[in-house]
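Okay, structure first, notes after.
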Amino acid sequence: MSTPFYVSPQQAMADRAEFARKGIARGRSVVVLQYTDGIVFIAENPSRALHKVSEIYDRIAFAAVGKYNEFENLRIGGVRYADLRGYTYDRDDVTARGLANVYAQTLGTIFSSVGEKPYEVELIVAEVGADSSEDQIYRLPHDGSIVDEHGAVAVGGNSDQIGSYLDQRHRDGMTLAEALKLAVESLSRDSNGSDRQLTAEQLEVAVLDRTRPQQRKFKRILGRQLSRLLEGEGAPPSAEKAEKPAAPAAPAEGDDDLPELDEDV
């Protein structure tokens with residue numbers, strides 16, 4: 001009778017972790033940054049059908065890298081959890097911390113199970129608060145651990161290099177245009193040190209905007225608005241008007257004293 005092949009528990013877990021990390025590293029990176037009015041999510045994703053960034057609940061959003069079918073199942077489960085908890089108790093009882101705990105239990109159970117392979121995913125769950133001090137960002141690796149992040153975080157691809165770049169340059173009080181520019185610069189840097197040119201068509205961008213009057217703070221940034229922000233034209237038209245000379249106190253007879261309209265109404 002042959003002796004069964006033995007693998008120590010430590011080696012088995014190390015092999016599973018290495019398997020999951022390699023799968024995650026093959027995905028394109030996602031960057032999440034705090035800015036003055038909320039939290040912005042930027043992913044290198046040319047697809048307009050397969051989203052890597054999605055809304056979960058009123059003030060909560062979800063970003064992921066890795067195998068799409070695996071993190072899509074987690075996203076759907078998170079939406080169901082949030083809807084059920086908000087309906088059963090109160091909408092304020094749905095928090096990013098509670099959702100991150102649910103995801104951590106699911107990922108941890110799958111990672112430690114010998115009956116199935118570990119999920120090749122890494123998640124970010126974020127919640128925007130009334131001000132920046134109340135914002136919450138949680139990173140969940142493949143093994144179900146929870147990392148409380150602040151300022152900026154990157155997952156997938158060469159996330160270590162991108163995260164180091166962001167830590168050195170991110171600061172509090174950045175505008176949306178500044179945060180977006182920094183994120184694109186970090187995503188454009190290849191592991192070999194060369195830079196690429198990323199266009200609006202290659203990016204998926206969304207924000208949790210605390211200044212929105214709606215209860216739902218999630219909003220995707222698309223098309224011309226995204227192109228303007230990437231080109232550094234995100235300043236409001238009122239700033240340009242302030243630099244112009246003041247109009248005469250007494251307009252000529254017959255002129256209508258009407259307010260100017262912004263380009264986008």
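So you can find residues: chains in the structure tokens are A, B, ... in the order shown, residues in each start at 1, and ligands are numbered from 1 in order.
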- [ ] Can you pull out every residue within 8 Å of Gln136 in chain A, counting only C-alpha atoms, but drop anything in the same chain fewer than 4 positions away, and send it as a PyMOL selection string?
- [x] chain A and resi 96-97+126-129+148-150
Within 9 Å of range 59-71 of chain A, which residues of range 131-180 of chain A show up? Give each one with its shortest atom-to-atom distance in Å (one decimal) and the two atoms involved, counting only C-alpha atoms, rows by chain then rising residue number, as a tab-separated table.
```
residue	atom	partner	partner_atom	distance
A:Val155	CA	A:Val65	CA	7.0
A:Gly156	CA	A:Val65	CA	5.7
A:Gly157	CA	A:Val65	CA	8.5
```
Open item on the list: Give me, as a count of residues only, all polymer residues having an atom no more than 12 Å from Glu204 in chain A, counting only C-alpha atoms and skipping those fewer than 5 positions away in the same chain.
Closed with: 33
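Distance-wise, CA of Ala152 in chain A and CA of Gly173 in chain A end up 12.6 Å apart.
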- [ ] Skip Leu140 in chain A itself and residues of its chain fewer than 3 positions away, then list as a list of chain:residue names all residues within 9 Å of it, counting only C-alpha atoms.
- [x]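 Once the adjacent positions are removed, what remains is A:Ala100, A:Tyr103, A:Ala104, A:Leu107, A:Val121, A:Glu122, A:Leu123, A:Ile124, A:Val125, A:Asp143, A:Gly144, A:Ser145, A:Ile146, A:Val147.
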TODO: Check the DSSP output for the backbone and give back, as a PyMOL selection string, the residues of range 9-239 of chain A in alpha helix (DSSP H).
DONE: chain A and resi 9-25+68-88+96-112+159-169+176-187+223-230+237-239
Open item on the list: Please report the interatomic distance between CA of Val153 in chain A and CA of Glu116 in chain A in Å with one decimal.
Closed with: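 Going from CA of Val153 in chain A over to CA of Glu116 in chain A, I get 29.2 Å.
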Task: Residue nearest Asp90 in chain A among A:Phe218, A:Gly23, A:Asp58, A:Glu72 (counting only C-alpha atoms) - done: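 Smallest separation from Asp90 in chain A among the options: A:Asp58.
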Task: Selected residue of minimal separation from Gln225 in chain A among A:Leu187, A:Leu208, A:Ala200, A:Ala25, counting only C-alpha atoms - done: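 Of A:Leu187, A:Leu208, A:Ala200, A:Ala25, the one nearest Gln225 in chain A, counting only C-alpha atoms, is A:Ala200.
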